[in-house]
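Colleague: File follows, target_13.tsv with TSV, C-alpha atoms:
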chain	number	residue	atom	x	y	z
A	1	MET	CA	0.00	0.00	0.00
A	2	LEU	CA	2.78	2.43	0.89
A	3	ALA	CA	4.66	1.55	-2.30
A	4	SER	CA	1.53	2.29	-4.34
A	5	LEU	CA	1.04	5.66	-2.64
A	6	VAL	CA	4.69	6.71	-2.97
A	7	GLY	CA	4.44	6.02	-6.69
A	8	TYR	CA	1.20	7.99	-6.95
A	9	LEU	CA	2.18	10.98	-4.81
A	10	ARG	CA	5.97	10.98	-5.45
A	11	ASP	CA	6.49	11.89	-1.81
A	12	PHE	CA	7.50	9.54	1.03
A	13	ASP	CA	6.28	11.69	3.92
A	14	ARG	CA	2.88	12.34	2.33
A	15	ALA	CA	2.47	8.66	1.52
A	16	GLU	CA	3.25	7.64	5.10
A	17	GLU	CA	0.86	10.25	6.54
A	18	ALA	CA	-1.90	9.23	4.14
A	19	THR	CA	-1.42	5.54	4.97
A	20	GLN	CA	-1.74	6.22	8.70
A	21	GLU	CA	-4.85	8.38	8.14
A	22	ALA	CA	-6.50	5.69	6.00
A	23	PHE	CA	-5.99	3.01	8.64
A	24	ALA	CA	-7.30	5.39	11.30
A	25	ALA	CA	-10.40	6.00	9.16
A	26	ALA	CA	-10.89	2.25	8.73
A	27	ALA	CA	-10.62	1.71	12.49
A	28	GLN	CA	-13.32	4.34	12.98
A	29	HIS	CA	-15.77	3.38	10.23
A	30	TRP	CA	-15.50	-0.37	9.64
A	31	PRO	CA	-16.83	-1.45	13.05
A	32	GLU	CA	-20.06	0.44	12.21
A	33	SER	CA	-20.37	-0.01	8.44
A	34	GLY	CA	-18.65	-3.38	8.08
A	35	VAL	CA	-15.49	-4.35	6.20
A	36	PRO	CA	-15.84	-3.39	2.49
A	37	ALA	CA	-15.75	-6.04	-0.22
A	38	ASN	CA	-12.26	-4.90	-1.24
A	39	PRO	CA	-10.59	-3.51	1.90
A	40	GLY	CA	-7.25	-2.94	0.16
A	41	ALA	CA	-8.87	-0.78	-2.52
A	42	TRP	CA	-10.83	1.12	0.14
A	43	LEU	CA	-7.65	1.89	2.07
A	44	VAL	CA	-5.67	3.02	-0.98
A	45	THR	CA	-8.55	5.16	-2.30
A	46	THR	CA	-9.15	6.73	1.11
A	47	ALA	CA	-5.43	7.41	1.53
A	48	ARG	CA	-5.29	9.06	-1.88
A	49	ASN	CA	-8.31	11.22	-1.03
A	50	ARG	CA	-6.77	12.30	2.27
A	51	ALA	CA	-3.48	13.16	0.57
A	52	ILE	CA	-5.20	15.13	-2.18
A	53	ASP	CA	-7.28	17.06	0.36
A	54	ARG	CA	-4.13	17.90	2.29
A	55	ILE	CA	-2.38	19.09	-0.87
A	56	ARG	CA	-5.39	21.19	-1.87
A	57	ARG	CA	-5.25	22.91	1.48
A	58	GLU	CA	-1.65	23.81	0.84
A	59	ARG	CA	-1.96	26.65	-1.65
A	60	THR	CA	1.64	26.42	-2.77
A	61	LEU	CA	0.92	23.01	-4.30
A	62	ALA	CA	-2.32	23.97	-6.09
A	63	ASP	CA	-0.81	23.49	-9.56
A	64	LYS	CA	0.25	19.96	-8.69
A	65	VAL	CA	-3.24	19.13	-7.34
A	66	ARG	CA	-4.95	19.88	-10.68
A	67	LEU	CA	-2.94	17.03	-12.23
A	68	LEU	CA	-4.17	14.47	-9.70
A	69	PRO	CA	-7.46	12.62	-10.38
A	70	ARG	CA	-10.00	12.46	-7.55
A	71	PRO	CA	-11.27	8.88	-7.12
A	72	GLU	CA	-14.40	8.04	-5.15
A	73	ALA	CA	-13.93	7.44	-1.45
A	74	VAL	CA	-15.07	3.80	-1.57
A	75	VAL	CA	-14.64	1.55	-4.60
A	76	ASP	CA	-15.77	-1.99	-3.93
A	77	ASP	CA	-15.44	-3.11	-7.56
A	78	PHE	CA	-11.84	-1.94	-7.85
A	79	ASP	CA	-10.45	-4.15	-10.64
A	80	GLU	CA	-6.93	-2.72	-10.85
A	81	PRO	CA	-4.53	-4.60	-8.50
A	82	VAL	CA	-3.63	-2.38	-5.56
A	83	ILE	CA	-0.07	-3.71	-5.63
A	84	LYS	CA	1.54	-4.87	-8.87
A	85	ASP	CA	5.28	-4.38	-9.05
A	86	GLU	CA	5.21	-1.07	-7.17
A	87	ARG	CA	7.22	-2.66	-4.37
A	88	LEU	CA	10.08	-3.46	-6.72
A	89	GLU	CA	9.77	0.01	-8.26
A	90	LEU	CA	9.98	1.51	-4.79
A	91	ILE	CA	13.15	-0.49	-4.09
A	92	PHE	CA	14.79	0.83	-7.25
A	93	THR	CA	13.66	4.37	-6.41
A	94	CYS	CA	15.24	4.14	-2.97
A	95	CYS	CA	18.35	2.48	-4.39
A	96	HIS	CA	19.21	5.32	-6.75
A	97	PRO	CA	23.00	5.88	-7.04
A	98	ALA	CA	22.51	9.55	-6.15
A	99	LEU	CA	21.87	8.39	-2.57
A	100	PRO	CA	24.62	6.99	-0.32
A	101	LEU	CA	24.44	3.19	-0.08
A	102	ASP	CA	23.57	3.13	3.64
A	103	GLY	CA	20.77	5.64	2.98
A	104	GLN	CA	19.44	3.56	0.09
A	105	VAL	CA	19.19	0.41	2.17
A	106	ALA	CA	17.80	2.11	5.28
A	107	LEU	CA	15.09	4.02	3.42
A	108	THR	CA	13.89	0.94	1.57
A	109	LEU	CA	13.77	-1.12	4.74
A	110	ARG	CA	11.75	1.65	6.38
A	111	ALA	CA	9.29	1.91	3.50
A	112	LEU	CA	9.01	-1.74	2.43
A	113	GLY	CA	10.06	-3.75	5.44
A	114	GLY	CA	8.06	-1.74	7.93
A	115	LEU	CA	11.06	-1.49	10.26
A	116	ASP	CA	10.97	1.40	12.70
A	117	THR	CA	13.96	3.62	13.39
A	118	ALA	CA	15.10	1.58	16.40
A	119	ALA	CA	15.02	-1.69	14.44
A	120	LEU	CA	16.94	-0.09	11.56
A	121	ALA	CA	19.54	1.33	13.93
A	122	ALA	CA	20.00	-2.13	15.46
A	123	ALA	CA	20.37	-3.72	12.00
A	124	PHE	CA	23.06	-1.18	11.02
A	125	LEU	CA	24.71	-1.11	14.47
A	126	VAL	CA	24.34	2.69	14.75
A	127	PRO	CA	22.57	4.98	17.29
A	128	ASP	CA	18.89	5.82	16.74
A	129	ASP	CA	19.62	9.50	16.06
A	130	THR	CA	22.15	8.59	13.36
A	131	MET	CA	19.56	6.44	11.62
A	132	LYS	CA	16.91	9.15	11.91
A	133	ARG	CA	19.19	11.68	10.19
A	134	ARG	CA	20.09	9.12	7.51
A	135	LEU	CA	16.43	8.58	6.64
A	136	THR	CA	15.66	12.30	6.60
A	137	ARG	CA	18.56	13.05	4.25
A	138	ALA	CA	17.57	10.24	1.87
A	139	LYS	CA	13.94	11.40	1.64
A	140	ALA	CA	15.00	15.00	1.10
A	141	LYS	CA	17.42	13.97	-1.66
A	142	ILE	CA	14.71	12.05	-3.52
A	143	LYS	CA	12.36	15.02	-3.32
A	144	ALA	CA	14.98	17.61	-4.27
A	145	THR	CA	16.45	15.71	-7.24
A	146	GLY	CA	13.20	14.29	-8.62
A	147	ILE	CA	14.41	10.68	-8.61
A	148	PRO	CA	11.87	8.76	-10.74
A	149	PHE	CA	9.62	6.10	-9.28
A	150	ALA	CA	10.40	3.32	-11.79
A	151	VAL	CA	12.55	0.32	-12.53
A	152	PRO	CA	15.43	1.85	-14.54
A	153	GLU	CA	16.36	0.92	-18.09
A	154	GLY	CA	18.41	-2.24	-18.48
A	155	HIS	CA	21.74	-0.50	-18.94
A	156	LEU	CA	21.26	1.33	-15.61
A	157	LEU	CA	20.34	-1.71	-13.50
A	158	ALA	CA	23.94	-2.62	-12.69
A	159	ASP	CA	24.38	0.66	-10.76
A	160	ARG	CA	21.66	-0.35	-8.33
A	161	VAL	CA	21.87	-4.13	-8.02
A	162	GLU	CA	24.24	-4.10	-5.04
A	163	ALA	CA	21.91	-1.98	-2.93
A	164	VAL	CA	18.76	-3.82	-4.06
A	165	LEU	CA	20.28	-7.16	-3.07
A	166	ALA	CA	21.37	-5.69	0.29
A	167	VAL	CA	17.80	-4.52	0.91
A	168	LEU	CA	16.26	-7.91	0.20
A	169	TYR	CA	18.92	-9.59	2.33
A	170	LEU	CA	18.20	-7.37	5.34
A	171	ILE	CA	14.42	-7.72	4.94
A	172	PHE	CA	14.88	-11.49	5.00
A	173	ASN	CA	17.24	-11.26	7.98
A	174	GLU	CA	14.53	-9.45	9.92
A	175	ALA	CA	12.13	-12.25	8.96
A	176	TYR	CA	14.67	-14.85	10.07
A	177	ARG	CA	14.62	-13.32	13.55
A	178	GLY	CA	10.91	-14.19	13.77
A	179	ARG	CA	8.92	-11.89	11.45
A	180	VAL	CA	7.76	-14.59	9.04
A	181	ASP	CA	5.43	-12.13	7.26
A	182	LEU	CA	8.54	-10.44	5.90
A	183	ALA	CA	9.96	-13.76	4.66
A	184	ALA	CA	7.17	-14.15	2.10
A	185	GLU	CA	7.71	-10.54	1.02
A	186	ALA	CA	11.46	-11.04	0.58
A	187	LEU	CA	10.98	-14.29	-1.36
A	188	HIS	CA	8.40	-12.71	-3.67
A	189	LEU	CA	10.68	-9.76	-4.39
A	190	GLY	CA	13.65	-12.10	-4.83
A	191	ARG	CA	11.83	-14.12	-7.48
A	192	THR	CA	10.71	-10.93	-9.22
A	193	LEU	CA	14.27	-9.63	-9.23
A	194	VAL	CA	15.64	-12.89	-10.69
A	195	GLY	CA	13.01	-12.63	-13.41
A	196	LEU	CA	14.18	-9.09	-14.11
A	197	LEU	CA	17.88	-10.06	-14.03
A	198	PRO	CA	17.96	-13.70	-15.21
A	199	SER	CA	21.72	-13.69	-15.90
A	200	GLU	CA	22.77	-12.12	-12.57
A	201	PRO	CA	24.27	-14.93	-10.42
A	202	GLU	CA	24.21	-12.87	-7.21
A	203	ALA	CA	20.44	-12.38	-7.54
A	204	GLN	CA	20.10	-16.14	-7.99
A	205	GLY	CA	22.45	-16.71	-5.07
A	206	LEU	CA	20.40	-14.50	-2.76
A	207	LEU	CA	17.14	-16.17	-3.78
A	208	ALA	CA	18.71	-19.59	-3.21
A	209	LEU	CA	20.00	-18.48	0.20
A	210	MET	CA	16.57	-17.25	1.27
A	211	LEU	CA	14.79	-20.37	0.02
A	212	ILE	CA	17.20	-22.73	1.81
A	213	HIS	CA	16.96	-20.86	5.10
A	214	ASP	CA	13.19	-20.39	4.87
A	215	ALA	CA	12.72	-24.10	4.18
A	216	ARG	CA	13.61	-24.65	7.85
A	217	HIS	CA	11.39	-21.94	9.34
A	218	ARG	CA	8.74	-24.29	10.81
A	219	ALA	CA	11.46	-26.13	12.74
A	220	ARG	CA	13.26	-23.02	14.04
A	221	PHE	CA	10.68	-22.24	16.72
A	222	ALA	CA	8.75	-24.35	19.18
A	223	GLY	CA	6.13	-21.95	20.46
A	224	ASP	CA	8.14	-19.01	21.78
A	225	ASP	CA	11.34	-21.05	22.01
A	226	LEU	CA	14.19	-20.83	19.51
A	227	VAL	CA	15.45	-24.24	18.30
A	228	LEU	CA	19.08	-24.51	17.18
A	229	LEU	CA	19.97	-26.20	13.88
A	230	GLU	CA	21.29	-29.39	15.46
A	231	ASP	CA	18.09	-29.82	17.52
A	232	GLN	CA	15.59	-29.14	14.73
A	233	ASP	CA	13.03	-31.73	13.63
A	234	ARG	CA	13.99	-32.26	9.98
A	235	SER	CA	10.58	-33.70	9.17
A	236	LEU	CA	9.28	-30.14	9.53
A	237	TRP	CA	11.66	-28.85	6.84
A	238	ASP	CA	10.13	-28.04	3.45
A	239	ALA	CA	12.01	-30.54	1.29
A	240	ALA	CA	10.61	-29.19	-1.99
A	241	GLN	CA	11.64	-25.63	-1.16
A	242	LEU	CA	15.08	-26.80	-0.05
A	243	GLU	CA	15.52	-28.58	-3.38
A	244	ASP	CA	14.29	-25.50	-5.24
A	245	GLY	CA	16.91	-23.39	-3.47
A	246	ARG	CA	19.67	-25.86	-4.33
A	247	ARG	CA	18.55	-25.96	-7.98
A	248	ILE	CA	18.76	-22.15	-8.22
A	249	LEU	CA	22.15	-22.27	-6.46
A	250	ASP	CA	23.43	-24.78	-9.04
A	251	ARG	CA	22.34	-22.38	-11.78
A	252	ALA	CA	24.18	-19.50	-10.11
A	253	LEU	CA	27.35	-21.57	-9.79
A	254	ALA	CA	27.06	-22.75	-13.40
A	255	THR	CA	27.00	-19.12	-14.59
A	256	GLY	CA	30.21	-18.34	-12.71
A	257	GLY	CA	28.72	-17.02	-9.50
A	258	ARG	CA	31.36	-16.66	-6.79
A	259	GLY	CA	30.09	-13.55	-5.03
A	260	PRO	CA	29.07	-13.16	-1.37
A	261	TYR	CA	25.43	-14.22	-1.77
A	262	VAL	CA	26.34	-17.29	-3.79
A	263	LEU	CA	28.94	-18.25	-1.15
A	264	GLN	CA	26.38	-17.77	1.63
A	265	ALA	CA	23.93	-19.98	-0.26
A	266	VAL	CA	26.63	-22.65	-0.57
A	267	ILE	CA	27.19	-22.46	3.19
A	268	ALA	CA	23.45	-22.68	3.90
A	269	SER	CA	23.18	-25.73	1.64
A	270	LEU	CA	26.11	-27.43	3.38
A	271	GLN	CA	24.59	-26.77	6.80
A	272	ALA	CA	21.30	-28.31	5.68
A	273	ARG	CA	22.94	-31.65	4.95
A	274	GLU	CA	22.30	-34.51	7.36
A	275	LEU	CA	26.04	-34.73	8.13
A	276	VAL	CA	27.57	-31.25	8.12
A	277	ASP	CA	31.20	-30.99	6.97
A	278	TRP	CA	32.16	-28.26	9.45
A	279	PRO	CA	35.79	-27.88	8.28
A	280	LEU	CA	34.45	-27.23	4.76
A	281	VAL	CA	31.88	-24.75	6.14
A	282	ALA	CA	34.67	-22.95	8.04
A	283	ASN	CA	36.71	-22.78	4.85
A	284	MET	CA	33.74	-21.31	2.95
A	285	TYR	CA	33.35	-18.68	5.67
A	286	ARG	CA	37.07	-17.92	5.37
A	287	ARG	CA	36.61	-17.27	1.65
A	288	LEU	CA	33.53	-15.16	2.33
A	289	SER	CA	35.38	-13.15	5.00
A	290	ALA	CA	38.23	-12.45	2.58
A	291	LEU	CA	35.67	-11.24	0.04
A	292	THR	CA	33.59	-9.02	2.33
A	293	GLY	CA	35.88	-8.03	5.22
A	294	SER	CA	32.79	-8.32	7.44
A	295	PRO	CA	33.27	-8.91	11.19
A	296	VAL	CA	29.87	-10.64	11.27
A	297	VAL	CA	31.14	-13.17	8.72
A	298	GLU	CA	34.20	-13.69	10.91
A	299	LEU	CA	31.88	-14.35	13.85
A	300	ASN	CA	30.09	-17.01	11.82
A	301	ARG	CA	33.45	-18.47	10.83
A	302	ALA	CA	34.29	-18.76	14.53
A	303	VAL	CA	31.10	-20.78	15.09
A	304	ALA	CA	32.06	-23.14	12.26
A	305	VAL	CA	35.61	-23.47	13.63
A	306	ALA	CA	34.16	-24.41	17.03
A	307	GLU	CA	31.80	-26.96	15.47
A	308	ALA	CA	34.81	-28.41	13.64
A	309	GLY	CA	36.37	-29.08	17.05
A	310	ASP	CA	38.72	-26.16	17.78
A	311	VAL	CA	36.89	-24.13	20.41
A	312	PRO	CA	39.98	-22.20	21.67
A	313	ALA	CA	40.75	-21.01	18.12
A	314	ALA	CA	37.13	-19.98	17.73
A	315	LEU	CA	37.29	-17.90	20.92
A	316	GLU	CA	40.46	-16.20	19.69
A	317	ILE	CA	38.60	-15.14	16.53
A	318	VAL	CA	35.65	-13.81	18.54
A	319	ASP	CA	37.86	-11.85	20.95
A	320	ARG	CA	39.48	-10.00	18.04
A	321	LEU	CA	36.16	-8.66	16.73
A	322	ASP	CA	34.93	-5.12	17.34
A	323	LEU	CA	31.21	-5.88	17.68
A	324	GLY	CA	30.52	-4.78	21.22
A	325	GLY	CA	26.87	-3.83	20.62
A	326	TYR	CA	26.04	-6.93	18.59
A	327	LEU	CA	23.84	-9.49	20.35
A	328	TYR	CA	25.31	-12.54	18.61
A	329	LEU	CA	28.89	-11.68	19.52
A	330	HIS	CA	28.04	-12.02	23.19
A	331	SER	CA	25.80	-15.09	22.79
A	332	THR	CA	28.48	-16.85	20.71
A	333	ARG	CA	31.18	-15.90	23.19
A	334	GLY	CA	29.02	-17.19	26.02
A	335	GLU	CA	28.60	-20.55	24.26
A	336	LEU	CA	32.34	-20.89	23.58
A	337	LEU	CA	33.24	-20.03	27.16
A	338	ARG	CA	30.63	-22.50	28.42
A	339	ARG	CA	32.19	-25.26	26.29
A	340	LEU	CA	35.61	-24.40	27.73
A	341	GLY	CA	34.29	-24.68	31.29
A	342	ARG	CA	34.74	-20.95	32.04
A	343	ARG	CA	31.25	-20.65	33.47
A	344	ASP	CA	31.48	-17.30	35.29
A	345	GLU	CA	32.71	-15.58	32.12
A	346	ALA	CA	30.10	-17.42	30.10
A	347	ARG	CA	27.30	-16.15	32.35
A	348	ASP	CA	28.59	-12.58	32.00
A	349	ALA	CA	28.55	-12.92	28.20
A	350	TYR	CA	25.01	-14.37	28.20
A	351	ARG	CA	23.83	-11.48	30.41
A	352	GLN	CA	25.26	-8.96	27.94
A	353	ALA	CA	23.51	-10.77	25.09
A	354	LEU	CA	20.24	-10.83	27.03
A	355	ASP	CA	20.43	-7.07	27.54
A	356	LEU	CA	20.64	-6.64	23.75
A	357	ALA	CA	17.95	-9.17	22.75
A	358	ARG	CA	14.80	-7.73	21.18
A	359	SER	CA	12.62	-10.71	20.30
A	360	THR	CA	10.84	-13.02	22.74
A	361	PRO	CA	12.40	-16.25	21.34
A	362	GLU	CA	15.90	-14.77	21.64
A	363	ARG	CA	15.29	-13.64	25.20
A	364	ARG	CA	13.83	-16.99	26.23
A	365	PHE	CA	16.72	-18.89	24.65
A	366	LEU	CA	19.37	-16.74	26.32
A	367	ALA	CA	17.62	-16.84	29.69
A	368	ARG	CA	17.53	-20.63	29.46
A	369	ARG	CA	21.22	-20.79	28.53
A	370	LEU	CA	22.06	-18.50	31.45
A	371	GLU	CA	20.12	-20.75	33.80
A	372	GLN	CA	21.87	-23.87	32.47
A	373	THR	CA	25.40	-22.42	32.72
Any chance you could put this one into structure tokens?
Modeller:
Amino acid sequence: MLASLVGYLRDFDRAEEATQEAFAAAAQHWPESGVPANPGAWLVTTARNRAIDRIRRERTLADKVRLLPRPEAVVDDFDEPVIKDERLELIFTCCHPALPLDGQVALTLRALGGLDTAALAAAFLVPDDTMKRRLTRAKAKIKATGIPFAVPEGHLLADRVEAVLAVLYLIFNEAYRGRVDLAAEALHLGRTLVGLLPSEPEAQGLLALMLIHDARHRARFAGDDLVLLEDQDRSLWDAAQLEDGRRILDRALATGGRGPYVLQAVIASLQARELVDWPLVANMYRRLSALTGSPVVELNRAVAVAEAGDVPAALEIVDRLDLGGYLYLHSTRGELLRRLGRRDEARDAYRQALDLARSTPERRFLARRLEQT
């Protein structure tokens, strides 16, 4: 809905205000009049009306208003799909090369992923105020430069692919933490992007990565409890989706894909085998770390090194990382210290992780680990 309104109004702030006003109107009227036959159309039409009324009241924008059609307030026989590919168009709008990369990704996650400022700040490991300024600057730049709301011509796609892939990856990561509604959104957009860029191995790699991870989503939680990979009930895995992910991964590898998303998909596929070759997984993470320079990848490499049997080496890797505000640094460190019998230090690390946990499953898991240590 927001993507549709941004495309119609060409203004992020107006679209967000109109969306909120439409939902408020629905909350007021639907309990009395009943839910309309096409609630999505009702919301979009009402939001458009509210936005147009607001613009009409602002005399300085009167010329712009005359170009906007005025639909009826309620349209139950609304045949036009409310959302077509506007979401992908919105991603490409936000991922314009005129914006800094961090601003591109943050703005798209705000608009499409529904993440609030605090969640975005946590994802980027920056303070809330920094993220707020980043979003404000990105919106202002789009408005000031007239960045078009459209998927760019083919020869311009390469300039935006990196940011678009980063957006989909972070949307899916948020889903992986428990917001399964976002997983379906990320997978839909991933398939659409592969259709748009059929010869781009990194797009295929990202889609494969998401499919392989999502195939395990029913086994990752037991009520409000997080279930680790080694404890998951494999009968709950979606075998067809797992095979689909591996098929797309094979296609990416066959076309020469060796980028970070393809490597991550390879790692995910290896970890989904019945017998995991942890030394090979650690080696894949080493290659990925050399490619990205990411401390988070190094943290994952440490986990693989520990699973391969060298817990002291894994702890050495973790202790070199500058990720003090990152939940998984402390939870991983707590697990390694626990395995080494250093229980007091392990409890301290679990407490630090618990202080940073946002979701109920994470908090329950860490509290249980703390109790067991």
Colleague: So, counting only C-alpha atoms, which residue among A:Phe365, A:Phe172, A:Trp30, A:Tyr261 is closest to A:Ala123?
Modeller: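 Nearest candidate to A:Ala123 out of A:Phe365, A:Phe172, A:Trp30, A:Tyr261: A:Phe172.
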Colleague: Choose the residue, out of A:Thr373, A:Ser199, A:Gln271, A:Thr93, that has the smallest atom-to-atom separation from A:Gly341; count all atoms listed in the file.
Modeller: A:Thr373
Colleague: Tell me, as a ChimeraX atom specification, which residues lie within 10 Å of stretch 239-246 of chain A, counting all atoms listed in the file; anything in the same chain fewer than 2 positions away does not count.
Modeller: /A:204-216,234-237,248-252,265-266,268-269,272
Colleague: Excluding A:Ala346 and any residue of its chain fewer than 2 positions from it, enumerate the residues within 8 Å of it, using all atoms listed in the file, and give them as a VMD selection string.
Modeller: chain A and resid 333 to 338 342 to 344 348 to 350 373
Colleague: Measuring atom to atom with all atoms listed in the file, identify which of A:Leu226, A:Ala302, A:Ala314, A:Leu5 is nearest to A:Leu366.
Modeller: A:Leu226
Colleague: Between atom CA of A:Ala138 and atom CA of A:Ala24, what distance in Å does the model show, to one decimal?
Modeller: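 The value is 27.0 Å.
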Colleague: Here's a test: counting all atoms listed in the file, identify every protein, DNA and RNA residue with an atom at most 9 Å from (27.9, -10.9, 21.5) in the file's coordinate frame, and state them as a short mmCIF file (atom, residue, chain, number, x, y, z; two decimals) with C-alpha atoms, keeping the file's coordinate frame.
Modeller:
data_model
loop_
_atom_site.label_atom_id
_atom_site.label_comp_id
_atom_site.auth_asym_id
_atom_site.auth_seq_id
_atom_site.Cartn_x
_atom_site.Cartn_y
_atom_site.Cartn_z
CA VAL A 318 35.65 -13.81 18.54
CA LEU A 323 31.21 -5.88 17.68
CA GLY A 324 30.52 -4.78 21.22
CA GLY A 325 26.87 -3.83 20.62
CA TYR A 326 26.04 -6.93 18.59
CA LEU A 327 23.84 -9.49 20.35
CA TYR A 328 25.31 -12.54 18.61
CA LEU A 329 28.89 -11.68 19.52
CA HIS A 330 28.04 -12.02 23.19
CA SER A 331 25.80 -15.09 22.79
CA THR A 332 28.48 -16.85 20.71
CA ARG A 333 31.18 -15.90 23.19
CA GLY A 334 29.02 -17.19 26.02
CA ALA A 349 28.55 -12.92 28.20
CA TYR A 350 25.01 -14.37 28.20
CA GLN A 352 25.26 -8.96 27.94
CA ALA A 353 23.51 -10.77 25.09
CA LEU A 356 20.64 -6.64 23.75
#
Colleague: Which is closest to A:Gln264 among A:Glu202, A:Asp225, A:Asp233, A:Asp238, if we use all atoms listed in the file?
Modeller: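 Closest to A:Gln264 of all the choices is A:Glu202.
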Colleague: Residues within 9 Å of A:Leu9, please, as a list in words. Count only C-alpha atoms; anything in the same chain fewer than 3 positions from it doesn't count.
Modeller: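 In the requested format, the answer is Ser4, Leu5, Val6, Phe12, Arg14, Ala15, Arg48, Ala51, Ile52 and Leu68 of chain A.
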